[in-house]
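Asks: Pasting in a structure now, in structure tokens, and then I'll have a few things to ask.
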Amino acid sequence: MDWTLERSITITAVAASLVGSYFILRLDWKRYGLLFVLSGIVGNILCYLFVIFGFYSYPYRMFPQFVNMPIMAVLTVFPFYVLLGVRYSPREWAWKIPFYWVFVHVGMLLETIAQHFTGLIRYEFAWDVWDSYTWWWIYLLAFEWIGGLIIPDRVRKPLKVESFRYGRGLWATLHFILIITIFLAGFYLGWLIRG
């Protein structure tokens with residue numbers, strides 16, 4: 001068995017997502033399970049379309065003989081991210097935006113690292129960081145809305161709005177992540193321009 005960096009990352013991401021999803025799914029397996037399956041199917045369809053259109057490719061796949069994309073990773077990691085967001089996002093949409101802003105930035109940071117330092121994903125024709133950034137927003141906010149229709153309040157645990165206020169721990173954490181990722185995005189842009 002070829003234990004490459006890519007294989008290790010894929011197995012770790014899938015395993016961690018399954019464990020994390022289990023703790024949310026057990027709260028209401030039917031509703032959260034439906035959201036998990038829907039987000040996994042939509043994630044795979046979108047990724048498949050983007051691969052077919054030639055926007056990006058997946059040079060490394062654990063099961064390359066079956067398909068040209070990492071179905072298991074997309075079927076577990078993306079849905080876990082959706083479940084996590086729907087479970088903890090604040091009630092008011094004004095506060096969902098900074099909440100998901102961090103989700104998008106962390107997702108983009110990991111995707112950019114994967115794109116430049118591993119063989120997990122490669123941007124191809126007419127695709128760049130901005131396209132991925134836009135689709136992260138569309139995907140997560142669409143499933144936040146769908147999750148709001150499927151998941152009742154009794155099994156959600158929205159973060160309190162007071163936690164987002166100046167000086168609170170969550171406020172500091174969100175701002176730290178946003179400032180670091182925005183700084184890294186600027187550094188990345190400079191690196192691309194120089195390169």
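Here's how to read the names in the structure tokens: chain A, B, ... by the order shown, residue numbers from 1 in each chain, ligand numbers from 1 in the order shown.
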Taking the chain letters and numbering used in this document, name the residues of chain A that DSSP puts in strand (DSSP E or B), as a PyMOL selection string.
Replies: chain A and resi 56-57+122-123
Asks: For each of A:Met62, A:Leu192, A:Ala185, A:Ile45, take the minimum atom-to-atom distance to Leu120 (chain A), counting only C-alpha atoms, then give the residue where this is smallest.
Replies: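 Of the candidates, the smallest distance to Leu120 (chain A) is held by A:Met62.
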Asks: Quick one: of A:Arg154, A:Lys30, A:His175, A:His116, who's nearest to Phe99 (chain A), counting only C-alpha atoms?
Replies: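 Checking each of A:Arg154, A:Lys30, A:His175, A:His116 against Phe99 (chain A), counting only C-alpha atoms, the winner is A:His175.
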Asks: Could you list, with a cut-off of 8 Å and counting only C-alpha atoms, the residues of region 8-36 of chain A near region 75-78 of chain A, each shown with its nearest atom pair and the distance in Å rounded to one decimal, rows sorted by chain and ascending number, as CSV?
Replies:
residue,atom,partner,partner_atom,distance
A:Ala13,CA,A:Val77,CA,6.6
A:Val14,CA,A:Thr76,CA,5.9
A:Ser17,CA,A:Val77,CA,5.3
A:Leu18,CA,A:Thr76,CA,6.4
Asks: Between region 6-28 of chain A and region 80-95 of chain A, at 12 Å or less, what are the per-residue closest atom pairs and their distances in Å? Count only C-alpha atoms, order by chain and rising residue number, and return it as a tab-separated table.
Replies:
residue	atom	partner	partner_atom	distance
A:Ala13	CA	A:Phe80	CA	10.2
A:Val14	CA	A:Phe80	CA	9.5
A:Ala15	CA	A:Phe80	CA	10.9
A:Ala16	CA	A:Phe80	CA	9.2
A:Ser17	CA	A:Phe80	CA	5.6
A:Leu18	CA	A:Phe80	CA	7.4
A:Val19	CA	A:Phe80	CA	9.2
A:Gly20	CA	A:Phe80	CA	6.9
A:Ser21	CA	A:Phe80	CA	5.4
A:Tyr22	CA	A:Phe80	CA	9.1
A:Phe23	CA	A:Leu84	CA	10.1
A:Ile24	CA	A:Leu83	CA	7.1
A:Leu25	CA	A:Leu83	CA	8.4
A:Arg26	CA	A:Leu83	CA	11.8
A:Leu27	CA	A:Arg87	CA	10.2
A:Asp28	CA	A:Arg87	CA	11.2
Asks: Can you write just those residues out, N, CA, C and O atoms, as a short mmCIF file (atom, residue, chain, number, x, y, z; two decimals), in the first residue's frame?
Replies:
data_model
loop_
_atom_site.label_atom_id
_atom_site.label_comp_id
_atom_site.auth_asym_id
_atom_site.auth_seq_id
_atom_site.Cartn_x
_atom_site.Cartn_y
_atom_site.Cartn_z
N ALA A 13 -8.87 13.00 7.07
CA ALA A 13 -10.02 13.89 6.87
C ALA A 13 -11.33 13.11 6.87
O ALA A 13 -12.32 13.52 7.50
N VAL A 14 -11.35 11.97 6.18
CA VAL A 14 -12.57 11.15 6.13
C VAL A 14 -12.90 10.60 7.52
O VAL A 14 -14.05 10.69 7.98
N ALA A 15 -11.91 10.08 8.21
CA ALA A 15 -12.14 9.51 9.55
C ALA A 15 -12.61 10.58 10.53
O ALA A 15 -13.58 10.38 11.27
N ALA A 16 -11.94 11.73 10.55
CA ALA A 16 -12.32 12.81 11.47
C ALA A 16 -13.73 13.31 11.15
O ALA A 16 -14.52 13.59 12.07
N SER A 17 -14.06 13.41 9.87
CA SER A 17 -15.40 13.87 9.48
C SER A 17 -16.47 12.87 9.88
O SER A 17 -17.56 13.26 10.33
N LEU A 18 -16.19 11.58 9.74
CA LEU A 18 -17.16 10.56 10.16
C LEU A 18 -17.38 10.58 11.66
O LEU A 18 -18.53 10.50 12.13
N VAL A 19 -16.30 10.72 12.42
CA VAL A 19 -16.43 10.78 13.89
C VAL A 19 -17.21 12.03 14.29
O VAL A 19 -18.14 11.97 15.09
N GLY A 20 -16.82 13.19 13.73
CA GLY A 20 -17.53 14.43 14.05
C GLY A 20 -18.99 14.38 13.64
O GLY A 20 -19.87 14.83 14.39
N SER A 21 -19.26 13.82 12.48
CA SER A 21 -20.64 13.71 12.00
C SER A 21 -21.47 12.81 12.90
O SER A 21 -22.65 13.08 13.15
N TYR A 22 -20.86 11.74 13.41
CA TYR A 22 -21.57 10.81 14.29
C TYR A 22 -22.16 11.55 15.49
O TYR A 22 -23.32 11.32 15.87
N PHE A 23 -21.38 12.44 16.10
CA PHE A 23 -21.85 13.15 17.30
C PHE A 23 -23.00 14.09 17.01
O PHE A 23 -23.82 14.36 17.88
N ILE A 24 -23.08 14.58 15.77
CA ILE A 24 -24.21 15.43 15.40
C ILE A 24 -25.38 14.58 14.92
O ILE A 24 -26.53 14.82 15.28
N LEU A 25 -25.10 13.55 14.14
CA LEU A 25 -26.15 12.67 13.60
C LEU A 25 -26.94 11.98 14.72
O LEU A 25 -28.15 11.76 14.58
N ARG A 26 -26.30 11.65 15.80
CA ARG A 26 -27.01 10.92 16.86
C ARG A 26 -28.07 11.78 17.56
O ARG A 26 -28.93 11.25 18.24
N LEU A 27 -28.03 13.10 17.36
CA LEU A 27 -29.03 13.98 17.95
C LEU A 27 -30.40 13.79 17.29
O LEU A 27 -31.43 13.88 17.94
N ASP A 28 -30.39 13.57 15.99
CA ASP A 28 -31.61 13.32 15.21
C ASP A 28 -31.15 12.75 13.87
O ASP A 28 -30.97 13.48 12.90
#
Asks: What are the DSSP alpha helix (DSSP H) residues of region 12-169 of chain A, as number ranges by chain?
Replies: A: 12-25, 29-52, 71-88, 93-117, 129-150, 169
Asks: Can you tell me, as a PDB file with N, CA, C and O atoms, in the first residue's frame, what residues are no more than 12 Å from Phe53 (chain A) when counting only C-alpha atoms, ignoring any on the same chain fewer than 2 positions away?
Replies:
ATOM      1  N   LEU A  46     -21.572  18.811  -7.871  1.00  0.00           N
ATOM      2  CA  LEU A  46     -20.860  20.042  -8.223  1.00  0.00           C
ATOM      3  C   LEU A  46     -19.409  19.753  -8.586  1.00  0.00           C
ATOM      4  O   LEU A  46     -18.910  20.239  -9.608  1.00  0.00           O
ATOM      5  N   CYS A  47     -18.737  18.965  -7.743  1.00  0.00           N
ATOM      6  CA  CYS A  47     -17.336  18.640  -8.028  1.00  0.00           C
ATOM      7  C   CYS A  47     -17.204  17.894  -9.351  1.00  0.00           C
ATOM      8  O   CYS A  47     -16.293  18.165 -10.137  1.00  0.00           O
ATOM      9  N   TYR A  48     -18.111  16.965  -9.601  1.00  0.00           N
ATOM     10  CA  TYR A  48     -18.065  16.206 -10.847  1.00  0.00           C
ATOM     11  C   TYR A  48     -18.248  17.135 -12.052  1.00  0.00           C
ATOM     12  O   TYR A  48     -17.523  17.029 -13.043  1.00  0.00           O
ATOM     13  N   LEU A  49     -19.217  18.053 -11.959  1.00  0.00           N
ATOM     14  CA  LEU A  49     -19.438  19.003 -13.049  1.00  0.00           C
ATOM     15  C   LEU A  49     -18.208  19.876 -13.277  1.00  0.00           C
ATOM     16  O   LEU A  49     -17.802  20.112 -14.418  1.00  0.00           O
ATOM     17  N   PHE A  50     -17.603  20.351 -12.176  1.00  0.00           N
ATOM     18  CA  PHE A  50     -16.422  21.203 -12.307  1.00  0.00           C
ATOM     19  C   PHE A  50     -15.249  20.439 -12.916  1.00  0.00           C
ATOM     20  O   PHE A  50     -14.453  21.013 -13.657  1.00  0.00           O
ATOM     21  N   VAL A  51     -15.155  19.147 -12.613  1.00  0.00           N
ATOM     22  CA  VAL A  51     -14.108  18.316 -13.221  1.00  0.00           C
ATOM     23  C   VAL A  51     -14.410  18.110 -14.711  1.00  0.00           C
ATOM     24  O   VAL A  51     -13.527  18.244 -15.557  1.00  0.00           O
ATOM     25  N   PHE A  55     -12.543  22.683 -14.928  1.00  0.00           N
ATOM     26  CA  PHE A  55     -12.173  23.777 -14.024  1.00  0.00           C
ATOM     27  C   PHE A  55     -11.065  23.372 -13.064  1.00  0.00           C
ATOM     28  O   PHE A  55     -10.187  24.154 -12.751  1.00  0.00           O
ATOM     29  N   TYR A  56     -11.161  22.157 -12.541  1.00  0.00           N
ATOM     30  CA  TYR A  56     -10.081  21.641 -11.714  1.00  0.00           C
ATOM     31  C   TYR A  56     -10.029  20.133 -11.817  1.00  0.00           C
ATOM     32  O   TYR A  56     -10.908  19.501 -12.392  1.00  0.00           O
ATOM     33  N   SER A  57      -8.944  19.559 -11.274  1.00  0.00           N
ATOM     34  CA  SER A  57      -8.770  18.112 -11.330  1.00  0.00           C
ATOM     35  C   SER A  57      -8.241  17.621  -9.999  1.00  0.00           C
ATOM     36  O   SER A  57      -7.811  18.410  -9.155  1.00  0.00           O
ATOM     37  N   TYR A 123      -6.082  23.472  -9.802  1.00  0.00           N
ATOM     38  CA  TYR A 123      -6.922  24.375 -10.589  1.00  0.00           C
ATOM     39  C   TYR A 123      -6.491  24.275 -12.040  1.00  0.00           C
ATOM     40  O   TYR A 123      -5.312  24.250 -12.351  1.00  0.00           O
ATOM     41  N   GLU A 124      -7.483  24.247 -12.919  1.00  0.00           N
ATOM     42  CA  GLU A 124      -7.196  24.125 -14.344  1.00  0.00           C
ATOM     43  C   GLU A 124      -7.769  25.333 -15.076  1.00  0.00           C
ATOM     44  O   GLU A 124      -7.790  26.425 -14.522  1.00  0.00           O
ATOM     45  N   PHE A 125      -8.317  25.083 -16.231  1.00  0.00           N
ATOM     46  CA  PHE A 125      -8.846  26.121 -17.115  1.00  0.00           C
ATOM     47  C   PHE A 125      -9.874  27.016 -16.408  1.00  0.00           C
ATOM     48  O   PHE A 125     -10.850  26.527 -15.847  1.00  0.00           O
ATOM     49  N   ALA A 126      -9.638  28.296 -16.462  1.00  0.00           N
ATOM     50  CA  ALA A 126     -10.605  29.313 -16.014  1.00  0.00           C
ATOM     51  C   ALA A 126     -11.053  29.140 -14.568  1.00  0.00           C
ATOM     52  O   ALA A 126     -12.180  29.475 -14.224  1.00  0.00           O
ATOM     53  N   TRP A 127     -10.207  28.622 -13.704  1.00  0.00           N
ATOM     54  CA  TRP A 127     -10.570  28.469 -12.288  1.00  0.00           C
ATOM     55  C   TRP A 127      -9.464  29.052 -11.431  1.00  0.00           C
ATOM     56  O   TRP A 127      -8.283  28.877 -11.727  1.00  0.00           O
TER      57      TRP A 127
END
Asks: Would you kindly return, as a ChimeraX atom specification, each protein, DNA or RNA residue with an atom no farther than 9 Å from any atom of Ile182 (chain A), considering only C-alpha atoms and excluding same-chain residues fewer than 5 positions away?
Replies: /A:105,177,187
Asks: One decimal, Å: what's the distance from CA of Pro79 (chain A) over to CA of Ile179 (chain A), could you say?
Replies: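 Separating CA of Pro79 (chain A) from CA of Ile179 (chain A) is a distance of 26.3 Å.
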Asks: Would you list the contacts of Leu35 (chain A) as a JSON list (two decimals) with C-alpha atoms, in the first residue's frame, taking every protein, DNA or RNA residue within 8 Å and counting only C-alpha atoms, but skipping same-chain residues closer than 4 positions in sequence?
Replies:
[["chain", "number", "residue", "atom", "x", "y", "z"],
["A", 31, "ARG", "CA", -33.11, 14.93, 9.85],
["A", 39, "SER", "CA", -25.04, 17.93, 1.03],
["A", 79, "PRO", "CA", -21.37, 17.15, 4.81],
["A", 83, "LEU", "CA", -23.69, 19.74, 9.79],
["A", 146, "ILE", "CA", -31.90, 24.06, 3.61],
["A", 147, "GLY", "CA", -30.78, 23.00, 7.09],
["A", 150, "ILE", "CA", -35.03, 20.43, 7.79]]
